[in-house]
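Pasted below: input-v2.cif, mmCIF, C-alpha atoms and all ligand atoms.
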data_entry
#
loop_
_atom_site.label_atom_id
_atom_site.label_comp_id
_atom_site.auth_asym_id
_atom_site.auth_seq_id
_atom_site.Cartn_x
_atom_site.Cartn_y
_atom_site.Cartn_z
CA MET X 26 64.57 6.58 61.80
CA ILE X 27 68.26 7.31 62.46
CA VAL X 28 69.55 10.14 64.67
CA LEU X 29 73.06 11.44 65.39
CA GLY X 30 73.63 12.79 68.92
CA ILE X 31 76.47 15.08 69.97
CA GLU X 32 77.54 15.65 73.59
CA SER X 33 80.04 18.32 74.73
CA SER X 34 78.57 19.92 77.83
CA CYS X 35 81.28 18.95 80.32
CA ASP X 36 84.48 16.94 79.84
CA GLU X 37 83.36 14.22 77.44
CA THR X 38 83.42 14.83 73.68
CA ALA X 39 80.99 12.28 72.34
CA ALA X 40 78.92 11.34 69.30
CA ALA X 41 76.61 8.40 68.69
CA ILE X 42 74.04 7.15 66.23
CA VAL X 43 70.85 5.35 67.29
CA THR X 44 67.70 4.15 65.56
CA ASP X 45 64.03 4.03 66.47
CA LYS X 46 64.41 0.22 66.59
CA LYS X 47 66.56 0.84 69.70
CA GLN X 48 69.81 -0.07 67.97
CA ILE X 49 72.98 1.72 69.00
CA LEU X 50 74.85 1.88 65.68
CA SER X 51 77.85 3.66 67.17
CA ASP X 52 78.94 5.20 70.47
CA VAL X 53 82.16 7.22 70.52
CA VAL X 54 83.30 8.91 73.75
CA LEU X 55 86.52 10.79 74.41
CA SER X 56 87.01 11.56 78.11
CA GLN X 57 89.28 14.57 78.45
CA GLU X 58 92.31 13.67 80.56
CA GLU X 59 93.62 17.24 80.69
CA HIS X 60 91.62 18.09 83.83
CA LYS X 61 93.02 15.39 86.10
CA VAL X 62 95.97 17.48 87.31
CA PHE X 63 93.59 20.25 88.37
CA GLY X 64 91.29 17.99 90.41
CA GLY X 65 88.23 19.24 88.51
CA VAL X 66 87.06 20.39 85.09
CA VAL X 67 88.60 23.65 83.79
CA PRO X 68 85.96 25.19 81.48
CA GLU X 69 88.35 26.93 79.07
CA ILE X 70 90.50 23.82 78.63
CA ALA X 71 87.35 21.73 78.11
CA ALA X 72 86.01 24.05 75.39
CA ARG X 73 89.33 24.05 73.50
CA SER X 74 89.60 20.29 73.74
CA HIS X 75 86.03 19.82 72.40
CA LEU X 76 86.95 22.07 69.48
CA ASP X 77 90.08 20.02 68.75
CA HIS X 78 88.27 16.67 68.73
CA ILE X 79 84.62 17.11 67.80
CA ASP X 80 85.01 16.68 64.01
CA ASP X 81 87.01 13.50 64.41
CA ILE X 82 84.58 12.06 66.98
CA ILE X 83 81.59 12.71 64.69
CA GLU X 84 83.43 11.17 61.74
CA GLN X 85 84.22 8.09 63.82
CA ALA X 86 80.54 7.82 64.81
CA PHE X 87 79.56 7.60 61.13
CA GLN X 88 82.39 5.19 60.30
CA ARG X 89 81.57 2.79 63.14
CA ALA X 90 77.85 2.93 62.32
CA LYS X 91 78.76 2.17 58.69
CA ILE X 92 76.34 4.77 57.41
CA LYS X 93 76.76 7.90 55.31
CA PRO X 94 75.91 11.32 56.79
CA ASP X 95 72.92 11.81 54.51
CA GLU X 96 71.33 8.58 55.82
CA ILE X 97 70.46 10.19 59.16
CA ASP X 98 67.06 11.79 59.74
CA ALA X 99 68.05 14.42 62.30
CA VAL X 100 71.01 15.86 64.21
CA ALA X 101 70.68 16.32 67.97
CA ALA X 102 73.09 18.13 70.28
CA ALA X 103 73.23 18.65 74.03
CA SER X 104 72.35 22.36 74.03
CA GLY X 105 72.52 22.98 77.78
CA PRO X 106 72.75 23.00 80.73
CA GLY X 107 76.53 22.81 81.02
CA LEU X 108 79.81 24.63 80.54
CA ILE X 109 78.78 27.05 77.85
CA GLY X 110 82.05 27.06 75.86
CA GLY X 111 81.79 23.32 75.34
CA VAL X 112 78.05 23.37 74.69
CA VAL X 113 78.57 25.98 71.95
CA VAL X 114 81.13 23.73 70.21
CA GLY X 115 78.73 20.76 70.03
CA VAL X 116 75.74 22.89 69.06
CA MET X 117 77.66 24.65 66.28
CA ALA X 118 78.88 21.33 64.89
CA ALA X 119 75.30 20.00 64.92
CA LYS X 120 73.91 23.12 63.27
CA ALA X 121 76.58 22.99 60.55
CA LEU X 122 75.69 19.36 59.81
CA SER X 123 72.00 20.18 59.89
CA LEU X 124 72.51 22.97 57.36
CA GLY X 125 74.91 21.04 55.14
CA LEU X 126 72.81 17.86 55.08
CA ASN X 127 69.47 19.65 55.11
CA LYS X 128 68.33 17.59 58.13
CA PRO X 129 66.45 18.95 61.15
CA PHE X 130 68.35 20.12 64.24
CA VAL X 131 67.08 19.03 67.65
CA ALA X 132 68.29 20.87 70.78
CA VAL X 133 68.43 18.37 73.63
CA ASN X 134 68.52 19.18 77.32
CA HIS X 135 71.53 17.22 78.63
CA LEU X 136 69.49 16.17 81.67
CA GLU X 137 66.76 14.82 79.41
CA GLY X 138 69.45 12.69 77.77
CA HIS X 139 70.26 11.12 81.15
CA ALA X 140 66.56 10.90 82.00
CA LEU X 141 65.41 9.03 78.89
CA VAL X 142 68.32 6.72 78.04
CA SER X 143 66.96 3.81 80.08
CA ARG X 144 63.95 3.76 77.74
CA LEU X 145 66.42 2.80 75.01
CA THR X 146 68.32 0.21 77.04
CA ASN X 147 65.70 -1.16 79.46
CA ASP X 148 62.33 -0.63 77.71
CA VAL X 149 61.12 1.59 80.55
CA GLU X 150 57.66 3.05 79.94
CA TYR X 151 56.16 6.39 80.98
CA PRO X 152 55.46 7.41 83.68
CA TYR X 153 58.44 6.51 85.87
CA LEU X 154 60.12 7.76 89.00
CA LEU X 155 63.63 9.05 88.34
CA LEU X 156 66.59 9.68 90.58
CA LEU X 157 68.90 11.89 88.53
CA VAL X 158 72.33 12.04 90.13
CA SER X 159 75.26 13.53 88.24
CA GLY X 160 78.22 15.80 88.84
CA GLY X 161 76.10 18.92 88.41
CA HIS X 162 72.58 17.82 89.31
CA CYS X 163 70.68 15.88 91.92
CA GLN X 164 66.92 15.64 91.53
CA ILE X 165 63.97 13.35 92.08
CA LEU X 166 61.43 13.60 89.27
CA VAL X 167 58.46 11.90 87.74
CA VAL X 168 59.07 11.48 84.01
CA LYS X 169 55.57 11.71 82.56
CA ASN X 170 56.59 11.93 78.91
CA VAL X 171 59.15 13.54 76.61
CA GLY X 172 59.63 17.06 77.94
CA ASP X 173 57.03 16.52 80.65
CA TYR X 174 58.39 16.28 84.18
CA GLU X 175 57.20 16.78 87.71
CA ARG X 176 60.11 17.70 89.94
CA LEU X 177 59.59 16.35 93.46
CA GLY X 178 62.87 17.33 95.07
CA THR X 179 66.30 18.75 94.41
CA THR X 180 69.56 19.39 96.22
CA ILE X 181 69.79 22.69 98.03
CA ASP X 182 73.60 22.77 97.80
CA ASP X 183 75.99 20.23 96.24
CA ALA X 184 75.01 17.65 93.64
CA ALA X 185 75.62 14.02 94.67
CA GLY X 186 78.50 13.56 92.21
CA GLU X 187 80.00 16.86 93.33
CA ALA X 188 80.02 15.58 96.92
CA PHE X 189 81.81 12.38 95.79
CA ASP X 190 84.32 14.51 93.87
CA LYS X 191 84.97 16.88 96.77
CA VAL X 192 85.43 14.09 99.31
CA ALA X 193 87.77 12.31 96.89
CA LYS X 194 89.76 15.51 96.51
CA MET X 195 90.10 15.85 100.30
CA LEU X 196 91.36 12.25 100.40
CA LYS X 197 93.68 12.89 97.43
CA LEU X 198 92.04 10.20 95.35
CA GLY X 199 92.01 12.17 92.09
CA TYR X 200 89.27 13.26 89.68
CA PRO X 201 86.58 12.15 88.97
CA GLY X 202 86.12 11.04 92.55
CA GLY X 203 83.08 8.76 92.33
CA PRO X 204 84.77 5.70 90.82
CA MET X 205 87.76 5.95 93.21
CA ILE X 206 85.52 6.33 96.29
CA GLU X 207 83.53 3.29 95.17
CA LYS X 208 86.73 1.28 94.72
CA MET X 209 88.13 2.22 98.14
CA ALA X 210 84.72 1.79 99.83
CA ALA X 211 84.69 -1.85 98.73
CA ILE X 212 87.59 -2.59 101.09
CA GLY X 213 86.47 -0.29 103.93
CA ASP X 214 84.34 -0.61 107.05
CA GLU X 215 81.08 1.26 106.43
CA ASN X 216 80.19 1.30 110.13
CA ARG X 217 83.38 2.81 111.54
CA PHE X 218 82.37 6.51 111.45
CA SER X 219 78.93 7.85 112.10
CA LEU X 220 78.12 10.63 109.62
CA PRO X 221 75.12 13.02 109.49
CA HIS X 222 72.18 12.63 107.12
CA PRO X 223 71.38 16.28 106.23
CA LEU X 224 67.65 17.06 105.75
CA ARG X 225 66.57 13.64 107.03
CA GLY X 226 63.00 14.08 108.28
CA SER X 227 62.72 17.58 106.75
CA GLY X 228 59.25 16.72 105.52
CA ASP X 229 60.08 17.53 101.90
CA LEU X 230 61.97 15.70 99.19
CA ASN X 231 64.95 18.03 99.01
CA LEU X 232 68.50 16.87 99.53
CA SER X 233 71.69 18.36 100.92
CA PHE X 234 75.28 17.08 100.96
CA SER X 235 77.16 20.06 102.33
CA GLY X 236 76.98 18.99 106.01
CA LEU X 237 78.05 15.47 105.11
CA LYS X 238 81.08 16.80 103.28
CA THR X 239 81.99 19.01 106.25
CA ALA X 240 81.73 16.04 108.62
CA VAL X 241 84.17 14.10 106.43
CA ARG X 242 86.51 17.11 106.40
CA LYS X 243 86.50 17.21 110.20
CA ILE X 244 87.46 13.53 110.40
CA ILE X 245 90.35 14.08 107.98
CA GLU X 246 91.47 17.19 109.86
CA SER X 247 91.56 15.24 113.12
CA TYR X 248 94.48 13.22 111.72
CA GLY X 249 96.86 16.10 111.12
CA ASN X 250 97.67 19.66 112.14
CA GLY X 251 94.39 21.01 110.76
CA ASN X 252 95.86 21.61 107.30
CA ILE X 253 94.04 19.17 105.07
CA GLU X 254 96.52 19.68 102.20
CA GLU X 255 99.33 18.28 104.31
CA THR X 256 97.36 15.46 105.90
CA VAL X 257 98.03 11.99 104.53
CA LEU X 258 95.88 9.20 105.96
CA PRO X 259 96.73 5.49 106.20
CA ARG X 260 95.12 3.55 103.32
CA LYS X 261 92.86 1.58 105.66
CA ASP X 262 91.43 4.79 107.14
CA VAL X 263 90.87 6.26 103.67
CA ALA X 264 88.94 3.10 102.76
CA ASP X 265 86.83 3.32 105.94
CA ILE X 266 85.99 7.00 105.31
CA CYS X 267 85.04 6.19 101.70
CA ALA X 268 82.79 3.32 102.80
CA CYS X 269 81.05 5.45 105.47
CA PHE X 270 80.64 8.41 103.12
CA GLN X 271 79.29 6.24 100.28
CA LYS X 272 76.82 4.51 102.60
CA THR X 273 75.59 7.78 104.14
CA ALA X 274 75.33 9.65 100.82
CA CYS X 275 73.34 6.76 99.34
CA GLU X 276 71.11 6.61 102.44
CA CYS X 277 70.35 10.33 102.03
CA LEU X 278 69.19 9.59 98.49
CA LEU X 279 67.27 6.48 99.53
CA ASP X 280 65.43 8.21 102.41
CA LYS X 281 63.94 10.77 100.06
CA LEU X 282 63.35 8.31 97.26
CA LEU X 283 61.34 6.17 99.64
CA LEU X 284 58.99 9.09 100.30
CA ALA X 285 58.90 9.87 96.59
CA THR X 286 57.90 6.27 95.87
CA ASP X 287 54.80 6.59 98.04
CA TYR X 288 53.83 9.80 96.23
CA PHE X 289 54.52 8.19 92.84
CA LYS X 290 52.43 5.12 93.58
CA GLU X 291 49.53 7.22 94.78
CA HIS X 292 49.53 9.79 91.96
CA TYR X 293 50.78 7.65 89.07
CA PRO X 294 49.25 4.23 89.69
CA SER X 295 50.09 3.05 86.15
CA GLY X 296 53.83 3.64 86.74
CA ARG X 297 56.00 0.56 87.21
CA HIS X 298 59.62 1.69 87.24
CA ILE X 299 62.14 3.38 89.48
CA VAL X 300 65.04 4.56 87.34
CA VAL X 301 68.43 5.95 88.31
CA ALA X 302 70.46 8.01 85.83
CA GLY X 303 73.51 10.28 85.64
CA GLY X 304 77.15 9.61 86.49
CA VAL X 305 76.51 8.53 90.10
CA ALA X 306 74.13 5.86 88.77
CA ALA X 307 77.29 3.98 87.81
CA ASN X 308 77.81 3.26 91.52
CA LEU X 309 77.07 -0.42 92.16
CA TYR X 310 76.39 0.07 95.88
CA LEU X 311 73.70 2.66 95.07
CA ARG X 312 72.25 0.45 92.35
CA SER X 313 71.92 -2.54 94.66
CA ARG X 314 70.30 -0.47 97.44
CA LEU X 315 67.85 1.02 94.91
CA GLU X 316 67.02 -2.40 93.56
CA GLU X 317 66.15 -3.53 97.08
CA LEU X 318 63.98 -0.42 97.65
CA ALA X 319 62.09 -0.94 94.38
CA LYS X 320 61.49 -4.60 95.22
CA ASN X 321 60.12 -3.73 98.66
CA LYS X 322 57.75 -1.23 97.08
CA GLY X 323 56.55 -3.58 94.33
CA LEU X 324 58.23 -1.59 91.56
CA VAL X 325 60.82 -2.55 88.94
CA PHE X 326 64.30 -1.05 89.18
CA ALA X 327 66.02 0.02 85.97
CA ALA X 328 69.38 1.65 85.28
CA PRO X 329 71.31 2.19 82.07
CA PRO X 330 74.44 0.05 81.54
CA ILE X 331 77.39 1.55 83.42
CA ARG X 332 78.99 3.11 80.34
CA LEU X 333 75.78 5.01 79.54
CA CYS X 334 75.50 6.49 83.05
CA THR X 335 78.30 9.00 82.59
CA ASP X 336 78.08 11.50 79.74
CA ASN X 337 77.79 9.99 76.26
CA GLY X 338 76.35 10.67 72.82
CA VAL X 339 73.85 7.78 72.87
CA MET X 340 71.64 9.47 75.45
CA ILE X 341 71.59 12.70 73.41
CA ALA X 342 70.83 10.83 70.18
CA TRP X 343 68.01 8.90 71.90
CA ALA X 344 66.43 11.96 73.56
CA GLY X 345 66.75 13.76 70.20
CA LEU X 346 65.03 10.83 68.51
CA GLU X 347 62.17 10.84 71.00
CA ARG X 348 61.73 14.59 70.57
CA PHE X 349 61.90 14.31 66.78
CA GLN X 350 59.28 11.54 66.82
CA LYS X 351 56.98 13.95 68.66
CA GLY X 352 57.61 16.59 66.01
CA TYR X 353 59.83 18.80 68.15
CA VAL X 354 62.62 20.38 66.12
CA ASP X 355 64.55 23.59 66.70
CA GLU X 356 65.56 26.53 64.55
CA LEU X 357 69.20 27.12 63.72
CA ASP X 358 69.15 30.30 65.80
CA PHE X 359 68.55 28.24 68.99
CA LYS X 360 70.74 29.73 71.70
CA PRO X 361 72.69 27.26 73.87
CA ARG X 362 71.64 27.52 77.51
CA PRO X 363 74.12 27.41 80.40
CA ARG X 364 71.12 26.81 82.68
CA TRP X 365 68.10 24.83 81.60
CA PRO X 366 65.87 23.27 84.26
CA LEU X 367 64.40 19.99 83.12
CA ASP X 368 60.87 20.85 84.16
CA ILE X 369 60.80 23.86 81.84
CA ASP X 370 60.26 22.33 78.44
CA ALA X 371 61.43 24.24 75.37
CA PRO X 372 58.53 23.47 73.03
CA LYS X 373 55.93 24.43 75.59
CA ALA X 374 57.53 27.37 77.40
CA ALA X 375 56.48 30.64 75.79
CA GLY X 376 59.36 32.28 73.96
CA ALA X 377 61.83 29.58 75.02
CA GLY X 378 63.05 29.07 71.47
CA GLY X 379 61.64 25.64 70.64
CA VAL X 380 59.22 25.14 67.78
CA LYS X 381 56.89 22.32 66.89
CA ALA X 382 57.55 21.00 63.39
O1 LIG S 1 76.69 12.55 84.33
P1 LIG S 1 78.14 12.84 84.48
O2 LIG S 1 79.11 12.09 83.60
O3 LIG S 1 78.44 14.35 84.24
C1 LIG S 1 77.54 15.35 84.60
O4 LIG S 1 76.56 15.57 83.85
O5 LIG S 1 77.78 15.92 85.69
O6 LIG S 1 78.48 12.61 86.02
C2 LIG S 1 79.78 12.74 86.50
C3 LIG S 1 79.75 12.52 87.99
C4 LIG S 1 81.06 12.84 88.69
O7 LIG S 1 80.78 13.65 89.81
C5 LIG S 1 81.57 11.47 89.11
O8 LIG S 1 82.37 11.49 90.29
C6 LIG S 1 80.29 10.72 89.32
O9 LIG S 1 79.45 11.15 88.29
N1 LIG S 1 80.50 9.26 89.24
C7 LIG S 1 80.32 8.42 90.27
C8 LIG S 1 80.70 7.13 89.81
N2 LIG S 1 81.08 7.24 88.50
C9 LIG S 1 80.95 8.57 88.17
N3 LIG S 1 79.89 8.64 91.53
C10 LIG S 1 79.82 7.57 92.36
N4 LIG S 1 80.19 6.31 92.01
C11 LIG S 1 80.62 6.05 90.73
N5 LIG S 1 80.99 4.81 90.39
ZN ZN S 2 75.74 14.38 82.63
#

Take the structure in the file and give it back as structure tokens.
Amino acid sequence: MIVLGIESSCDETAAAIVTDKKQILSDVVLSQEEHKVFGGVVPEIAARSHLDHIDDIIEQAFQRAKIKPDEIDAVAAASGPGLIGGVVVGVMAAKALSLGLNKPFVAVNHLEGHALVSRLTNDVEYPYLLLLVSGGHCQILVVKNVGDYERLGTTIDDAAGEAFDKVAKMLKLGYPGGPMIEKMAAIGDENRFSLPHPLRGSGDLNLSFSGLKTAVRKIIESYGNGNIEETVLPRKDVADICACFQKTACECLLDKLLLATDYFKEHYPSGRHIVVAGGVAANLYLRSRLEELAKNKGLVFAAPPIRLCTDNGVMIAWAGLERFQKGYVDELDFKPRPRWPLDIDAPKAAGAGGVKA
């Protein structure tokens, strides 16, 4: 079985082809550079850029895979959640191919793409405990099966990646902030500033990064006249702030994941893996701390290769393939969804638009 996956829900235009033998035949990603000057993604610019490049990216995916379009079995597209202008571009391209090639269309939840990709790359089996940390989302879930999730906790304000991006912006490190913070943190002193751990000991598995971000802002403000725009910090201090922020943000995630692990072991005794996914999963500091946690709890840590942590077409193709294998396909009148919680599954939710083939 061969599936094409299309991703266009944020600022990556991507297409990839994967097989049920877990081969990645092609993986084409174009990261839009246009947003860098704005310090964040501009939805209208993103949508136009997807439109300009999507045909070429899909063509390249077929060329690199060395297969003809009619050799695929299904076309999958990230159909939400995300910036709706971009999502519509990818979904329309997928529907056009589906119609022209007479192959089924599979609407994939972008988060499910992140959630399932480590089954392709690391042979992870259901059920597993998942920390999903991206620019728009931050959740702890049990992945029971395709489209079957138990959400244990979520952020009540910023997503983890969003917090990295906002702190990077305050420190004038550019966008996206995560990779730059990680780079600076490597040369900083992670014990210099003491930062708060919001919601530590709250008794639930929810997360919050807003207070942490504010604490960083206050440190930066203390250097200048109170106007953060005009404040330029010495490089060493920037590195120290990055190291302290990265450590604290990761500890916030680890605290709650530790509690989640106990719940997971008790309620899902057959489960073996702790998985991290989403853009922030590319962070090596977080990965090594999670590996340590999993080891201490007698579980196996798994994470996709770095390039498959941030948005890509492979994860959409793979999630589409898993859905297709289960017989889940979607009609061509499927409406892209700006919001689409992962624990509300299309094929099972009444009137949600999904159909079982
Ligand atoms: O999954 P993704 O590509 O897009 C969304 O679905 O949101 O995640 C992008 C996010 C950005 O916030 C970016 O700063 C963050 O992932 N990120 C990182 C790293 N690489 C990307 N955060 C921390 N450390 C990294 N190395
Ligand atoms: Zn993503």

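CA of Val192 in chain X sits 22.6 Å away from CA of Ala71 in chain X.
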
Closest of X:Glu187, X:Glu69, X:Asp229, X:Asp368 to ligand ZN 2 (chain S), counting only C-alpha atoms and all ligand atoms, is X:Glu187

Write out as CSV the residues of chain X that have any atom within 7 Å of an atom of ligand ZN 2 (chain S), one row each with the nearest atom pair and its distance in Å to one decimal, counting all atoms listed in the file, sorted by chain and then rising number.
residue,atom,partner,partner_atom,distance
X:His135,CA,S:ZN2,ZN,6.5
X:Leu136,CA,S:ZN2,ZN,6.6
X:His139,CA,S:ZN2,ZN,6.5
X:Ser159,CA,S:ZN2,ZN,5.7
X:Gly160,CA,S:ZN2,ZN,6.8
X:Gly303,CA,S:ZN2,ZN,5.6
X:Gly304,CA,S:ZN2,ZN,6.3
X:Thr335,CA,S:ZN2,ZN,6.0
X:Asp336,CA,S:ZN2,ZN,4.7

Practice task
Enumerate residues in contact with ligand LIG 1 (chain S): an atom-to-atom distance of at most 7 Å, counting all atoms listed in the file. Format the result as JSON, numbers by chain.
Solution key: {"X": [35, 159, 160, 161, 162, 186, 187, 189, 190, 201, 202, 203, 204, 206, 207, 303, 304, 305, 306, 307, 308, 309, 334, 335, 336]}

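Separating CA of Gly228 in chain X from CA of Ala319 in chain X is a distance of 21.1 Å.
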
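Picture a line from CA of Ile299 in chain X to CA of Leu279 in chain X; it runs 11.7 Å.
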
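Nearest-residue note for Leu315 in chain X: choosing from X:Lys197, X:Leu155, X:Gly296, X:Ala184, the minimum distance belongs to X:Leu155, counting all atoms listed in the file.
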
Exercise: Arg89 in chain X partners within 12 Å, all atoms listed in the file, chain neighbours under 6 positions left out, as a ChimeraX atom specification: /X:40-43,49-53,82-83

Find the residues around range 268-278 of chain X up to 9 Å (only C-alpha atoms counted), leave out those fewer than 5 positions away in its own chain, and share them as a short mmCIF file (atom, residue, chain, number, x, y, z; two decimals) with C-alpha atoms, keeping the file's coordinate frame.
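The result, stored in around.cif:
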data_model
loop_
_atom_site.label_atom_id
_atom_site.label_comp_id
_atom_site.auth_asym_id
_atom_site.auth_seq_id
_atom_site.Cartn_x
_atom_site.Cartn_y
_atom_site.Cartn_z
CA LEU X 156 66.59 9.68 90.58
CA ALA X 185 75.62 14.02 94.67
CA ALA X 188 80.02 15.58 96.92
CA PHE X 189 81.81 12.38 95.79
CA VAL X 192 85.43 14.09 99.31
CA ILE X 206 85.52 6.33 96.29
CA GLU X 207 83.53 3.29 95.17
CA MET X 209 88.13 2.22 98.14
CA ALA X 210 84.72 1.79 99.83
CA ALA X 211 84.69 -1.85 98.73
CA ILE X 212 87.59 -2.59 101.09
CA GLY X 213 86.47 -0.29 103.93
CA ASP X 214 84.34 -0.61 107.05
CA GLU X 215 81.08 1.26 106.43
CA ASN X 216 80.19 1.30 110.13
CA ARG X 217 83.38 2.81 111.54
CA PHE X 218 82.37 6.51 111.45
CA SER X 219 78.93 7.85 112.10
CA LEU X 220 78.12 10.63 109.62
CA PRO X 221 75.12 13.02 109.49
CA HIS X 222 72.18 12.63 107.12
CA PRO X 223 71.38 16.28 106.23
CA LEU X 224 67.65 17.06 105.75
CA ARG X 225 66.57 13.64 107.03
CA LEU X 232 68.50 16.87 99.53
CA SER X 233 71.69 18.36 100.92
CA PHE X 234 75.28 17.08 100.96
CA LEU X 237 78.05 15.47 105.11
CA LYS X 238 81.08 16.80 103.28
CA VAL X 241 84.17 14.10 106.43
CA VAL X 263 90.87 6.26 103.67
CA LEU X 283 61.34 6.17 99.64
CA TYR X 310 76.39 0.07 95.88
CA LEU X 311 73.70 2.66 95.07
CA ARG X 314 70.30 -0.47 97.44
#

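Taking all atoms listed in the file, the non-local environment of Asn127 in chain X within 12 Å (same-chain residues fewer than 5 positions away omitted) comprises Pro94, Asp95, Glu96, Ile97, Asp98, Ala99, Val100, Ala119, Lys120, Ala121, Leu122 and Leu357 of chain X.
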
Tell me, as a PDB file with C-alpha atoms, keeping the file's coordinate frame, which residues lie within 8 Å of range 349-351 of chain X, counting only C-alpha atoms; anything in the same chain fewer than 3 positions away does not count.
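What follows is the written file around11.pdb:
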ATOM      1  CA  ALA X  99      68.050  14.420  62.300  1.00  0.00           C
ATOM      2  CA  VAL X 131      67.080  19.030  67.650  1.00  0.00           C
ATOM      3  CA  GLY X 345      66.750  13.760  70.200  1.00  0.00           C
ATOM      4  CA  LEU X 346      65.030  10.830  68.510  1.00  0.00           C
ATOM      5  CA  VAL X 354      62.620  20.380  66.120  1.00  0.00           C
TER       6      VAL X 354
END

(request) Pull the neighbourhood of (81.8, 19.7, 78.8) for me: all residues within 6 Å in file coordinates, counting all atoms listed in the file, as a ChimeraX atom specification. (result) /X:33-37,71,108,111

Just-selected residues, C-alpha atoms written as a PDB file, in the coordinates of the input:
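out-v6.pdb, written as the output of this step:
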ATOM      1  CA  SER X  33      80.040  18.320  74.730  1.00  0.00           C
ATOM      2  CA  SER X  34      78.570  19.920  77.830  1.00  0.00           C
ATOM      3  CA  CYS X  35      81.280  18.950  80.320  1.00  0.00           C
ATOM      4  CA  ASP X  36      84.480  16.940  79.840  1.00  0.00           C
ATOM      5  CA  GLU X  37      83.360  14.220  77.440  1.00  0.00           C
ATOM      6  CA  ALA X  71      87.350  21.730  78.110  1.00  0.00           C
ATOM      7  CA  LEU X 108      79.810  24.630  80.540  1.00  0.00           C
ATOM      8  CA  GLY X 111      81.790  23.320  75.340  1.00  0.00           C
TER       9      GLY X 111
END

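You can rank X:Ala132, X:Leu141, X:Leu124, X:Ile27 by their closest distance to Tyr353 in chain X using only C-alpha atoms, and at the top of that list sits X:Ala132.
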
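Checking X:Met340, X:Val113, X:Ala240, X:Ala39 one by one against Ile79 in chain X, counting all atoms listed in the file, you find the shortest gap at X:Ala39.
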